[in-house]
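This is final_15.cif (mmCIF, C-alpha atoms).
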data_model
loop_
_atom_site.label_atom_id
_atom_site.label_comp_id
_atom_site.auth_asym_id
_atom_site.auth_seq_id
_atom_site.Cartn_x
_atom_site.Cartn_y
_atom_site.Cartn_z
CA MET A 4 16.06 -8.12 -38.19
CA ALA A 5 15.19 -5.10 -36.06
CA LEU A 6 14.94 -1.46 -36.98
CA GLY A 7 15.29 1.54 -34.72
CA HIS A 8 18.87 1.11 -33.47
CA GLU A 9 20.24 4.15 -31.61
CA GLY A 10 17.15 5.51 -29.92
CA THR A 11 13.72 5.56 -31.54
CA ARG A 12 14.68 6.01 -35.18
CA ASN A 13 12.33 4.38 -37.70
CA LEU A 14 9.69 3.48 -35.15
CA THR A 15 6.09 3.74 -36.29
CA ASP A 16 2.85 3.92 -34.31
CA THR A 17 1.83 0.30 -34.74
CA GLY A 18 3.00 -2.91 -33.08
CA HIS A 19 5.06 -3.48 -29.97
CA PRO A 20 8.47 -1.84 -29.66
CA ILE A 21 11.17 -3.86 -27.90
CA LEU A 22 13.76 -2.45 -25.51
CA CYS A 23 17.17 -4.04 -25.06
CA ARG A 24 18.30 -3.15 -21.55
CA ASP A 25 21.95 -3.85 -22.26
CA CYS A 26 22.52 -1.81 -25.44
CA PRO A 27 20.31 0.04 -24.35
CA ASP A 28 18.16 0.59 -27.40
CA LEU A 29 14.65 0.41 -28.79
CA PHE A 30 13.89 -1.91 -31.70
CA TRP A 31 11.15 -2.64 -34.15
CA PRO A 32 10.91 -6.41 -34.77
CA GLN A 33 10.54 -7.69 -38.28
CA GLY A 34 9.18 -11.11 -39.27
CA SER A 35 6.63 -13.41 -37.66
CA GLY A 36 8.80 -15.12 -35.05
CA PRO A 37 9.40 -13.80 -31.53
CA LEU A 38 12.60 -11.85 -30.88
CA LEU A 39 14.42 -13.69 -28.08
CA ARG A 40 17.76 -11.90 -28.24
CA CYS A 41 18.92 -8.42 -29.09
CA PRO A 42 20.13 -8.49 -32.72
CA VAL A 43 23.01 -6.15 -31.82
CA CYS A 44 24.42 -7.37 -28.50
CA GLY A 45 22.69 -10.75 -28.10
CA SER A 46 21.21 -9.88 -24.70
CA ARG A 47 18.11 -11.68 -23.47
CA ARG A 48 17.15 -8.76 -21.25
CA LEU A 49 14.39 -7.53 -23.54
CA VAL A 50 11.23 -5.63 -22.61
CA SER A 51 8.18 -5.38 -24.83
CA HIS A 52 4.93 -3.49 -24.25
CA PRO A 53 2.48 -1.63 -26.52
CA ASP A 54 2.96 1.61 -24.54
CA LEU A 55 6.69 1.24 -23.91
CA SER A 56 7.83 4.24 -25.97
CA ARG A 57 5.00 6.49 -24.74
CA LEU A 58 5.26 6.23 -20.95
CA SER A 59 7.11 8.97 -19.09
CA ILE A 60 6.46 8.51 -15.34
CA ILE A 61 9.21 6.38 -13.81
CA HIS A 62 9.71 4.94 -10.34
CA VAL A 63 13.27 4.03 -9.35
CA ASP A 64 13.67 1.59 -6.45
CA CYS A 65 17.09 0.41 -5.28
CA ASP A 66 17.52 -3.32 -4.74
CA ALA A 67 18.29 -4.18 -1.08
CA PHE A 68 20.02 -0.81 -0.95
CA PHE A 69 21.86 -0.92 2.38
CA ALA A 70 23.10 -4.44 1.70
CA SER A 71 24.11 -3.52 -1.86
CA VAL A 72 26.22 -0.61 -0.64
CA GLU A 73 27.87 -2.80 1.97
CA LYS A 74 28.69 -5.48 -0.61
CA GLN A 75 30.16 -2.85 -2.91
CA ARG A 76 32.37 -1.67 -0.04
CA ARG A 77 33.24 -5.23 0.98
CA PRO A 78 33.64 -7.39 -2.16
CA GLU A 79 34.30 -10.46 -0.02
CA LEU A 80 30.59 -10.38 0.97
CA VAL A 81 29.23 -10.49 -2.60
CA ASP A 82 28.26 -14.16 -2.44
CA ARG A 83 27.40 -14.21 1.27
CA PRO A 84 23.96 -13.73 2.89
CA LEU A 85 23.96 -10.30 4.51
CA LEU A 86 21.65 -8.66 7.06
CA VAL A 87 21.93 -4.96 7.85
CA GLY A 88 20.26 -3.71 11.02
CA GLY A 89 20.39 -3.75 14.79
CA THR A 90 23.02 -6.24 15.87
CA GLY A 91 21.64 -6.90 19.36
CA ASP A 92 18.97 -9.39 20.37
CA ARG A 93 16.34 -6.64 20.08
CA GLY A 94 17.58 -5.32 16.78
CA VAL A 95 15.46 -5.20 13.64
CA VAL A 96 16.52 -6.01 10.08
CA SER A 97 16.78 -2.85 7.99
CA THR A 98 17.75 -4.70 4.81
CA ALA A 99 18.21 -8.34 3.89
CA CYS A 100 20.18 -9.07 0.74
CA TYR A 101 18.53 -11.30 -1.84
CA ILE A 102 20.67 -14.29 -0.87
CA ALA A 103 19.45 -13.99 2.72
CA ARG A 104 15.86 -13.58 1.53
CA LEU A 105 15.95 -17.08 0.09
CA THR A 106 15.85 -18.36 3.69
CA GLY A 107 12.81 -16.23 4.61
CA ALA A 108 14.72 -13.39 6.27
CA ARG A 109 13.33 -9.98 5.34
CA SER A 110 13.28 -6.31 6.22
CA ALA A 111 11.46 -5.24 9.42
CA MET A 112 11.89 -8.73 10.91
CA PRO A 113 13.40 -9.04 14.40
CA MET A 114 17.11 -9.74 13.96
CA ARG A 115 16.91 -12.72 16.32
CA GLN A 116 14.34 -14.37 14.06
CA ALA A 117 16.33 -13.53 10.93
CA ARG A 118 19.45 -15.12 12.45
CA GLU A 119 17.51 -18.29 13.18
CA LEU A 120 16.30 -18.46 9.58
CA CYS A 121 19.70 -17.57 8.13
CA PRO A 122 22.40 -18.67 10.61
CA ASP A 123 25.20 -18.18 8.06
CA ALA A 124 24.35 -14.51 7.50
CA VAL A 125 26.87 -11.74 8.05
CA ILE A 126 25.28 -9.06 10.23
CA LEU A 127 26.33 -5.40 9.98
CA ALA A 128 25.12 -2.29 11.76
CA PRO A 129 23.80 0.38 9.35
CA ASP A 130 26.17 3.11 8.17
CA ILE A 131 23.59 5.73 7.25
CA ALA A 132 26.18 8.35 6.26
CA ALA A 133 27.64 5.98 3.65
CA TYR A 134 24.18 5.13 2.29
CA ARG A 135 23.21 8.80 2.04
CA ALA A 136 26.39 9.58 0.12
CA VAL A 137 25.59 6.91 -2.48
CA ALA A 138 21.93 8.00 -2.62
CA GLU A 139 22.91 11.61 -3.28
CA LYS A 140 25.19 10.59 -6.16
CA MET A 141 22.31 8.62 -7.64
CA ARG A 142 19.93 11.57 -7.31
CA ALA A 143 22.46 13.79 -9.05
CA MET A 144 22.44 11.35 -11.98
CA MET A 145 18.64 11.49 -12.07
CA ARG A 146 18.58 15.30 -12.02
CA GLU A 147 20.83 15.30 -15.08
CA LEU A 148 17.92 13.67 -16.91
CA THR A 149 15.02 15.81 -15.67
CA PRO A 150 14.44 18.51 -13.04
CA LEU A 151 11.27 16.69 -11.99
CA VAL A 152 12.76 14.22 -9.50
CA GLU A 153 10.72 13.54 -6.38
CA VAL A 154 12.68 11.77 -3.66
CA LYS A 155 10.42 9.32 -1.81
CA SER A 156 13.02 7.85 0.56
CA ILE A 157 16.76 7.22 0.73
CA ASP A 158 16.42 4.45 -1.88
CA GLU A 159 13.37 5.48 -3.94
CA ALA A 160 12.46 8.30 -6.29
CA VAL A 161 9.91 9.06 -8.98
CA LEU A 162 10.75 10.99 -12.16
CA ASP A 163 8.63 12.77 -14.76
CA MET A 164 10.40 12.46 -18.12
CA SER A 165 7.66 14.17 -20.15
CA GLY A 166 9.05 16.34 -22.93
CA THR A 167 12.62 15.03 -22.66
CA ARG A 168 12.70 12.91 -25.82
CA GLU A 169 14.43 15.57 -27.96
CA LEU A 170 16.82 16.48 -25.14
CA HIS A 171 18.11 12.92 -24.84
CA SER A 172 17.44 11.82 -28.44
CA ALA A 173 15.65 8.79 -27.03
CA SER A 174 12.43 7.72 -25.35
CA PRO A 175 12.27 7.78 -21.53
CA CYS A 176 12.35 3.97 -21.50
CA VAL A 177 15.75 3.98 -23.20
CA VAL A 178 17.10 6.78 -20.99
CA MET A 179 16.13 4.90 -17.83
CA ALA A 180 17.78 1.70 -19.06
CA ARG A 181 20.95 3.74 -19.56
CA LEU A 182 20.60 5.12 -16.04
CA ALA A 183 20.30 1.63 -14.56
CA LEU A 184 23.53 0.56 -16.26
CA ARG A 185 25.34 3.73 -15.18
CA VAL A 186 24.29 3.37 -11.54
CA GLU A 187 25.44 -0.24 -11.48
CA ARG A 188 28.73 0.56 -13.19
CA GLU A 189 29.68 3.70 -11.21
CA LEU A 190 28.08 3.09 -7.80
CA GLY A 191 28.07 -0.70 -7.61
CA VAL A 192 24.38 -0.98 -6.69
CA THR A 193 21.43 -2.13 -8.75
CA ILE A 194 18.05 -0.52 -9.26
CA SER A 195 14.63 -1.65 -10.44
CA ILE A 196 12.59 0.58 -12.73
CA GLY A 197 8.85 0.97 -13.19
CA LEU A 198 7.24 2.80 -16.13
CA ALA A 199 3.58 3.81 -16.08
CA THR A 200 1.13 6.63 -16.65
CA ASN A 201 1.18 7.88 -13.05
CA PRO A 202 3.26 7.60 -9.84
CA LEU A 203 1.04 4.94 -8.23
CA MET A 204 1.30 2.48 -11.09
CA ALA A 205 4.99 3.26 -11.65
CA LYS A 206 5.72 2.23 -8.06
CA LEU A 207 3.85 -1.03 -8.52
CA ALA A 208 5.60 -1.65 -11.86
CA ALA A 209 9.02 -1.24 -10.20
CA GLY A 210 8.24 -4.19 -7.94
CA ILE A 211 7.23 -6.62 -10.70
CA ASP A 212 10.60 -8.21 -11.38
CA LYS A 213 13.09 -7.22 -8.65
CA PRO A 214 16.05 -7.25 -8.44
CA ARG A 215 17.33 -5.47 -11.56
CA GLY A 216 13.72 -5.31 -12.64
CA TYR A 217 12.13 -3.31 -15.45
CA GLY A 218 8.35 -3.31 -15.16
CA VAL A 219 5.89 -1.61 -17.50
CA ILE A 220 2.18 -1.01 -16.86
CA GLY A 221 0.26 1.03 -19.40
CA ARG A 222 -3.39 1.31 -20.34
CA GLU A 223 -4.10 -2.14 -18.86
CA ALA A 224 -3.61 -0.84 -15.30
CA ARG A 225 -7.19 -1.46 -14.13
CA ASP A 226 -7.25 -5.01 -15.46
CA TRP A 227 -3.79 -5.67 -14.01
CA LEU A 228 -4.99 -4.61 -10.56
CA ALA A 229 -8.40 -6.28 -10.65
CA THR A 230 -7.37 -9.78 -9.55
CA ARG A 231 -4.83 -8.66 -6.97
CA PRO A 232 -5.47 -8.55 -3.21
CA VAL A 233 -6.37 -5.19 -1.70
CA ARG A 234 -3.06 -5.00 0.15
CA THR A 235 -1.29 -4.63 -3.19
CA LEU A 236 -2.01 -0.89 -3.03
CA PRO A 237 0.67 1.11 -1.19
CA GLY A 238 -0.66 2.43 2.10
CA ILE A 239 -3.08 -0.41 2.81
CA GLY A 240 -1.81 -2.24 5.86
CA LYS A 241 -2.98 -5.33 7.65
CA SER A 242 -5.63 -3.51 9.69
CA GLN A 243 -7.29 -1.85 6.70
CA GLU A 244 -7.03 -5.08 4.71
CA GLU A 245 -8.97 -6.89 7.44
CA SER A 246 -11.59 -4.11 7.54
CA LEU A 247 -12.12 -4.35 3.79
CA GLN A 248 -12.32 -8.13 3.92
CA ARG A 249 -15.02 -7.92 6.58
CA VAL A 250 -17.25 -6.05 4.12
CA GLY A 251 -16.50 -8.52 1.35
CA LEU A 252 -13.82 -6.55 -0.51
CA VAL A 253 -10.98 -9.00 -1.00
CA ARG A 254 -9.74 -8.08 -4.49
CA LEU A 255 -9.07 -4.65 -5.95
CA GLY A 256 -11.50 -5.36 -8.77
CA ALA A 257 -14.34 -5.47 -6.26
CA ILE A 258 -13.40 -2.02 -4.95
CA ALA A 259 -12.90 -0.63 -8.45
CA SER A 260 -16.47 -1.62 -9.41
CA LEU A 261 -18.08 0.48 -6.64
CA THR A 262 -19.97 3.61 -7.58
CA THR A 263 -19.28 6.86 -5.74
CA GLU A 264 -22.44 6.42 -3.67
CA GLU A 265 -21.55 2.82 -2.78
CA ALA A 266 -18.00 3.82 -1.86
CA LEU A 267 -19.22 6.56 0.48
CA ARG A 268 -21.76 4.26 2.10
CA ARG A 269 -19.47 1.24 2.54
CA LEU A 270 -16.06 2.85 2.97
CA GLY A 271 -16.70 6.31 4.36
CA PRO A 272 -15.54 9.77 3.20
CA ARG A 273 -12.29 8.48 1.68
CA GLY A 274 -14.01 5.64 -0.15
CA PRO A 275 -14.10 7.33 -3.59
CA GLU A 276 -10.35 7.99 -3.36
CA LEU A 277 -9.72 4.31 -2.64
CA VAL A 278 -11.92 3.33 -5.59
CA ALA A 279 -9.89 5.58 -7.90
CA ARG A 280 -6.63 4.02 -6.75
CA ALA A 281 -8.07 0.52 -7.17
CA ARG A 282 -8.73 1.48 -10.79
CA GLY A 283 -5.09 2.54 -11.21
CA GLU A 284 -5.90 6.26 -11.19
CA ASP A 285 -3.57 8.78 -9.58
CA ARG A 286 -3.74 12.52 -10.19
CA ARG A 287 -0.61 13.38 -8.22
CA ARG A 288 2.11 15.18 -10.11
CA VAL A 289 5.80 14.59 -9.63
CA THR A 290 6.99 17.46 -7.42
CA PRO A 291 10.69 17.89 -6.63
CA PHE A 292 10.13 19.28 -3.14
CA HIS A 293 7.77 18.21 -0.41
CA PRO A 294 7.25 20.11 2.84
CA VAL A 295 8.47 18.16 5.84
CA LYS A 296 5.50 16.88 7.85
CA SER A 297 7.24 15.45 10.91
CA VAL A 298 10.67 14.70 12.36
CA SER A 299 11.33 12.00 14.93
CA THR A 300 13.87 9.65 16.47
CA GLU A 301 13.68 6.63 18.75
CA VAL A 302 15.78 3.98 20.46
CA THR A 303 15.12 0.34 21.31
CA PHE A 304 16.98 -0.67 24.47
CA ALA A 305 19.14 -3.78 24.66
CA GLN A 306 17.46 -4.49 28.00
CA ASP A 307 14.18 -3.25 29.44
CA ILE A 308 14.63 -0.09 31.53
CA ARG A 309 12.51 1.05 34.48
CA ASP A 310 15.07 3.29 36.20
CA ARG A 311 13.92 6.90 35.73
CA ALA A 312 17.44 8.34 35.83
CA ILE A 313 18.58 6.07 33.01
CA LEU A 314 15.45 6.89 31.00
CA GLU A 315 16.21 10.59 31.43
CA ARG A 316 19.71 10.15 30.07
CA GLU A 317 18.31 8.27 27.07
CA LEU A 318 15.75 11.04 26.60
CA TRP A 319 18.48 13.68 26.55
CA ASP A 320 20.28 11.82 23.80
CA LEU A 321 17.05 11.72 21.75
CA CYS A 322 16.56 15.46 22.31
CA GLU A 323 20.01 16.15 20.86
CA GLN A 324 19.30 13.85 17.91
CA LEU A 325 15.92 15.47 17.26
CA ALA A 326 17.44 18.96 17.38
CA ILE A 327 20.04 17.94 14.78
CA ARG A 328 17.42 16.41 12.48
CA LEU A 329 15.19 19.47 12.72
CA LYS A 330 18.04 21.77 11.73
CA ASN A 331 19.13 19.46 8.91
CA LYS A 332 15.61 19.66 7.49
CA GLU A 333 15.54 23.45 8.05
CA VAL A 334 12.48 23.38 10.30
CA SER A 335 11.67 23.89 13.98
CA THR A 336 9.03 22.22 16.12
CA VAL A 337 6.08 23.84 17.86
CA GLY A 338 5.38 20.79 20.01
CA ILE A 339 6.68 17.37 20.98
CA SER A 340 5.33 13.83 21.03
CA LEU A 341 6.73 11.20 23.38
CA LYS A 342 6.38 7.48 22.69
CA LEU A 343 7.08 4.66 25.13
CA ARG A 344 6.72 0.94 24.53
CA THR A 345 6.53 -1.37 27.52
CA ALA A 346 8.15 -4.77 27.91
CA ALA A 347 4.69 -6.19 27.14
CA PHE A 348 4.67 -4.28 23.79
CA GLN A 349 2.03 -1.77 24.91
CA THR A 350 2.56 1.66 23.42
CA ARG A 351 2.03 4.82 25.44
CA SER A 352 2.16 8.30 23.97
CA ARG A 353 1.88 11.88 25.21
CA ALA A 354 2.09 15.21 23.43
CA LEU A 355 2.69 18.83 24.40
CA LYS A 356 2.58 22.17 22.59
CA LEU A 357 5.40 24.67 23.15
CA HIS A 358 4.99 28.42 23.64
CA THR A 359 7.35 29.16 20.73
CA PRO A 360 9.08 27.00 18.09
CA THR A 361 12.45 25.54 19.05
CA VAL A 362 15.44 23.53 17.91
CA LEU A 363 17.25 23.70 21.26
CA PRO A 364 17.92 20.33 22.94
CA ASP A 365 17.51 21.97 26.36
CA ARG A 366 14.00 23.19 25.61
CA LEU A 367 13.04 19.89 24.06
CA PHE A 368 14.31 18.07 27.14
CA ASP A 369 12.58 20.38 29.64
CA ALA A 370 9.25 19.75 27.90
CA ALA A 371 9.76 16.03 27.23
CA ARG A 372 11.00 15.25 30.74
CA GLY A 373 7.61 16.13 32.23
CA LEU A 374 5.87 13.80 29.78
CA LEU A 375 8.34 11.04 30.57
CA MET A 376 7.96 11.34 34.33
CA ALA A 377 4.17 11.13 33.99
CA GLU A 378 4.55 7.66 32.47
CA ALA A 379 7.77 6.34 34.04
CA GLU A 380 6.64 5.82 37.62
CA GLY A 381 9.47 3.39 38.41
CA ARG A 382 7.47 0.17 38.30
CA THR A 383 6.95 -0.29 34.54
CA ALA A 384 9.86 -1.42 32.38
CA PHE A 385 10.21 0.02 28.89
CA ARG A 386 11.87 -1.41 25.79
CA LEU A 387 11.55 1.62 23.48
CA LEU A 388 11.63 5.39 23.84
CA GLY A 389 10.82 7.81 21.02
CA LEU A 390 10.58 11.57 20.58
CA GLY A 391 9.09 13.47 17.66
CA SER A 392 7.86 16.85 16.50
CA ASN A 393 4.23 17.82 16.97
CA GLY A 394 3.76 20.55 14.40
CA LEU A 395 6.50 22.31 12.44
CA ALA A 396 7.54 25.89 11.72
CA PRO A 397 10.30 27.48 9.61
CA LEU A 398 13.78 27.25 11.06
CA ASP A 399 14.14 31.04 11.27
CA ALA A 400 11.13 31.12 13.64
CA ALA A 401 12.95 29.01 16.21
CA ASP A 402 13.79 30.29 19.69
CA PRO A 403 12.91 34.01 19.44
CA PRO A 404 14.09 36.43 22.15
CA ASP A 405 12.10 36.01 25.38
CA LEU A 406 11.73 39.09 27.57
CA ALA A 407 10.74 36.84 30.47
CA ASP A 408 13.97 34.83 30.13
CA MET A 409 17.04 37.01 29.72
CA GLN A 410 19.26 33.93 29.23
CA SER A 411 17.34 32.61 26.24
CA GLN A 412 19.64 34.12 23.60
CA ASN A 413 22.72 33.04 25.53
CA ARG A 414 21.47 29.45 25.22
CA VAL A 415 20.92 29.92 21.50
CA ALA A 416 24.45 31.30 21.06
CA MET A 417 25.95 28.48 23.14
CA GLN A 418 24.17 25.83 21.09
CA ARG A 419 25.38 27.40 17.85
CA ALA A 420 28.93 27.28 19.17
CA ILE A 421 28.51 23.62 20.14
CA ASP A 422 27.08 22.83 16.69
CA ALA A 423 30.03 24.54 14.99
CA LEU A 424 32.58 22.60 17.03
CA ARG A 425 30.81 19.28 16.42
CA SER A 426 30.51 20.00 12.72
CA ARG A 427 34.28 20.46 12.55
CA PHE A 428 35.54 17.86 15.04
CA GLY A 429 32.66 15.37 15.43
CA ARG A 430 29.86 14.94 17.92
CA ASP A 431 32.15 13.71 20.70
CA ALA A 432 34.17 16.94 20.58
CA VAL A 433 31.70 18.60 22.97
CA GLN A 434 29.93 16.63 25.68
CA ARG A 435 27.15 18.04 27.82
CA GLY A 436 26.84 17.10 31.49
CA ARG A 437 23.82 14.87 30.95
CA THR A 438 25.71 12.93 28.29
CA LEU A 439 28.71 12.40 30.51
CA GLY A 440 26.43 10.73 33.02
CA ARG A 441 25.41 8.01 30.57
CA GLU A 442 26.38 4.49 31.49
#

Turn the structure described in the file into structure tokens.
Amino acid sequence: MALGHEGTRNLTDTGHPILCRDCPDLFWPQGSGPLLRCPVCGSRRLVSHPDLSRLSIIHVDCDAFFASVEKQRRPELVDRPLLVGGTGDRGVVSTACYIARLTGARSAMPMRQARELCPDAVILAPDIAAYRAVAEKMRAMMRELTPLVEVKSIDEAVLDMSGTRELHSASPCVVMARLALRVERELGVTISIGLATNPLMAKLAAGIDKPRGYGVIGREARDWLATRPVRTLPGIGKSQEESLQRVGLVRLGAIASLTTEEALRRLGPRGPELVARARGEDRRRVTPFHPVKSVSTEVTFAQDIRDRAILERELWDLCEQLAIRLKNKEVSTVGISLKLRTAAFQTRSRALKLHTPTVLPDRLFDAARGLLMAEAEGRTAFRLLGLGSNGLAPLDAADPPDLADMQSQNRVAMQRAIDALRSRFGRDAVQRGRTLGRE
């Protein structure tokens, strides 16, 4: 028998509450034997944890999001391995569905390698507009639950559900189980949920049991982390992992045991911060809005390019893309950064500050072209070209009148007219001369 049906009614402060993810509901088990099924619906999808009804920081992570959206749009692909990403030989996997992952294919893998591992996979180019539309519907559902929704990426968000128990007549753990069912029912995609005391541990909890996972990490966070490799922490990549291993720090427990003085001596100025994270500590608050730090775009060529004229045309396309992204994020750039990657995978980069902030493709191109010509001497072949902001300013600071250039405001007005036409009729409605020269 279980008490507490319909929310948290009749729960006391002792013992381990149990959540049924399919009712969804929170129960209080009675008797000495383990509860293997929900006494109401018979589901085996039960979650039990001492802190389950007390935790209010939640990380939501979509399961193979791009692939899930595509399978919802194309039901005939439901039982097929699916790779979403660049379809050419130089493409990269954006998302591998869980069927494809059984073969070893994964995100960020070269598409050629993924095809070799999973030759039966269906390969689709990403449809970012479709994914954003689904993501926005999901965020709207989250904001119905709490105003404290911090979007981390197109398929991840963290929520603070503190103080919402009376509003929803249920604990956050129950509310999030309801959300998972609603997202799956209405949008056709699945999510994994992590509950914890802070955003760091909630993110790690969300990855415990994917897909359709429901992970909970409470007061045992430090012990849970102690035996895990240092790369478990978000933000620690291969290079930092190797650096830590060289000084004998292989497990997070070893880092967590360092004193402040030891951390400073062995790990440098940011050592104490790393120690805190290794202990499962995170003082960040969930904030709905984050200032944009950078905006960028890049292209990987199907074939290596050394011809400067072709590189210029590709650069112009990136300048138009960057201008659009800046305006969409309501910022302007005060400088640019150019990135080139050679056929031998060597990366070259150059940066330049502008006299005034801009969102005009022409100004971006005039500045970036000089950086490109300094690197593209005609002998080196390049496989990738990228362009990004180098410092940001508010959008209303972009392209002020210039007394030394009487045509500056004419260019601003012309670009606004182009943007309006493209917004109504599509990007191909207006083509600039440089674009028409593309091969």

When distances are computed from only C-alpha atoms, which of A:Glu187, A:Glu380, A:Glu245, A:Asp123 shows the smallest separation from Pro84 (chain A)? A:Asp123

Residues matched by the PyMOL selection byres ((chain A and resi 310-314) around 10), written as a ChimeraX atom specification: /A:307-309,315-320,372,375-376,378-385,387-388,440-442

Neighbour list for region 52-67 of chain A as a PyMOL selection string, cut-off 6 Å, all atoms listed in the file, skip fewer than 6 positions in-chain: chain A and resi 19+98+100+158-165+174-175+193-201+205-206+214+221

Writing out the chosen residues with C-alpha atoms as a CSV table (one decimal), in the coordinates of the input:
chain,number,residue,atom,x,y,z
A,19,HIS,CA,5.1,-3.5,-30.0
A,98,THR,CA,17.8,-4.7,4.8
A,100,CYS,CA,20.2,-9.1,0.7
A,158,ASP,CA,16.4,4.4,-1.9
A,159,GLU,CA,13.4,5.5,-3.9
A,160,ALA,CA,12.5,8.3,-6.3
A,161,VAL,CA,9.9,9.1,-9.0
A,162,LEU,CA,10.8,11.0,-12.2
A,163,ASP,CA,8.6,12.8,-14.8
A,164,MET,CA,10.4,12.5,-18.1
A,165,SER,CA,7.7,14.2,-20.2
A,174,SER,CA,12.4,7.7,-25.4
A,175,PRO,CA,12.3,7.8,-21.5
A,193,THR,CA,21.4,-2.1,-8.8
A,194,ILE,CA,18.0,-0.5,-9.3
A,195,SER,CA,14.6,-1.6,-10.4
A,196,ILE,CA,12.6,0.6,-12.7
A,197,GLY,CA,8.8,1.0,-13.2
A,198,LEU,CA,7.2,2.8,-16.1
A,199,ALA,CA,3.6,3.8,-16.1
A,200,THR,CA,1.1,6.6,-16.6
A,201,ASN,CA,1.2,7.9,-13.0
A,205,ALA,CA,5.0,3.3,-11.6
A,206,LYS,CA,5.7,2.2,-8.1
A,214,PRO,CA,16.0,-7.2,-8.4
A,221,GLY,CA,0.3,1.0,-19.4

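Minimum atom-to-atom distance to Arg109 (chain A), evaluated using all atoms listed in the file, belongs to A:Ser97 out of A:Ser242, A:Asn331, A:Ser97, A:Gln75.
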
Do a neighbour search on Val125 (chain A) at 8 Å with only C-alpha atoms, toss out local chain neighbours closer than 4 positions, and write the hits as a tab-separated table (two decimals) with C-alpha atoms, in the coordinates of the input.
chain	number	residue	atom	x	y	z
A	83	ARG	CA	27.40	-14.21	1.27
A	84	PRO	CA	23.96	-13.73	2.89
A	85	LEU	CA	23.96	-10.30	4.51
A	86	LEU	CA	21.65	-8.66	7.06

Counting only C-alpha atoms, the residue among A:Tyr101, A:Phe30, A:Phe348, A:Phe368 that lies closest to Lys213 (chain A) is A:Tyr101

Could you check the closest approach to Thr303 (chain A) for each of A:Arg76, A:Arg104, A:Arg93, A:Arg234 and tell me which residue wins, using only C-alpha atoms?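 Counting only C-alpha atoms, the residue closest to Thr303 (chain A) is A:Arg93.
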
Between A:Leu367, A:Arg328, A:Ile211, A:Pro202, which is the closest to Arg286 (chain A) once you count only C-alpha atoms?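 For Arg286 (chain A), the nearest of the given residues is A:Pro202.
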
Within-8 Å shell of (5.1, 4.7, 25.3) in input frame, all atoms listed in the file, as a VMD selection string: chain A and resid 341 to 345 349 to 353 378 385 387 to 389

Would you write out, as a PyMOL selection string, every residue that the PyMOL selection byres ((chain A and resi 138) around 12) captures in this file? chain A and resi 63-65+68-69+71-72+131-137+139-145+154-160+186+190-194

Need the shell around Glu333 (chain A): protein/DNA/RNA residues with any atom at most 10 Å away, counting all atoms listed in the file. Skip same-chain ones fewer than 2 positions apart. Format as a list in words?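 So, after excluding close chain neighbours, the residues are Val295, Ile327, Arg328, Leu329, Lys330, Asn331, Ser335, Val362, Ala396, Pro397, Leu398 and Asp399 of chain A.
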
Neighbours of Cys23 (chain A) within 9 Å (only C-alpha atoms; same-chain residues fewer than 3 positions away dropped), as number ranges by chain? A: 26-30, 40-41, 44, 46-50, 177, 180

Determine, counting all atoms listed in the file, which protein, DNA and RNA residues have an atom within 8 Å of an atom of Pro232 (chain A); residues of the same chain fewer than 6 positions away are not included. Present the result as a PyMOL selection string. chain A and resi 253-255

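CA of Arg181 (chain A) lies 12.7 Å from CA of Arg215 (chain A).
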
Identify which of the residues A:Leu203, A:Ala173, A:Leu395, A:Met114 lies closest to Arg288 (chain A), counting only C-alpha atoms when measuring atom-to-atom distances.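 Among the listed residues, A:Leu203 lies closest to Arg288 (chain A).
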
Since I can't run it myself right now, could you work out what the PyMOL selection byres ((chain A and resi 92) around 10) selects here and report it as an MDAnalysis selection string? chainID A and resid 89:91 93:95 113:116 118 304:306

Next, write the just-selected residues to a file, as a compact mmCIF listing (two decimals), in the frame of the given file, keeping C-alpha atoms as the atom set.
# COMPACT_ATOMS: atom_id res chain seq x y z
CA GLY A 89 20.39 -3.75 14.79
CA THR A 90 23.02 -6.24 15.87
CA GLY A 91 21.64 -6.90 19.36
CA ARG A 93 16.34 -6.64 20.08
CA GLY A 94 17.58 -5.32 16.78
CA VAL A 95 15.46 -5.20 13.64
CA PRO A 113 13.40 -9.04 14.40
CA MET A 114 17.11 -9.74 13.96
CA ARG A 115 16.91 -12.72 16.32
CA GLN A 116 14.34 -14.37 14.06
CA ARG A 118 19.45 -15.12 12.45
CA PHE A 304 16.98 -0.67 24.47
CA ALA A 305 19.14 -3.78 24.66
CA GLN A 306 17.46 -4.49 28.00

Between CA of Pro291 (chain A) and CA of Lys332 (chain A), what is the distance, to one decimal in Å?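 About the pair CA of Pro291 (chain A) and CA of Lys332 (chain A): they are 15.1 Å apart.
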
For the atom pair CA of Ala400 (chain A) and CA of Glu301 (chain A), what is the interatomic distance in Å to one decimal place?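 One can read the CA of Ala400 (chain A) to CA of Glu301 (chain A) distance as 25.1 Å.
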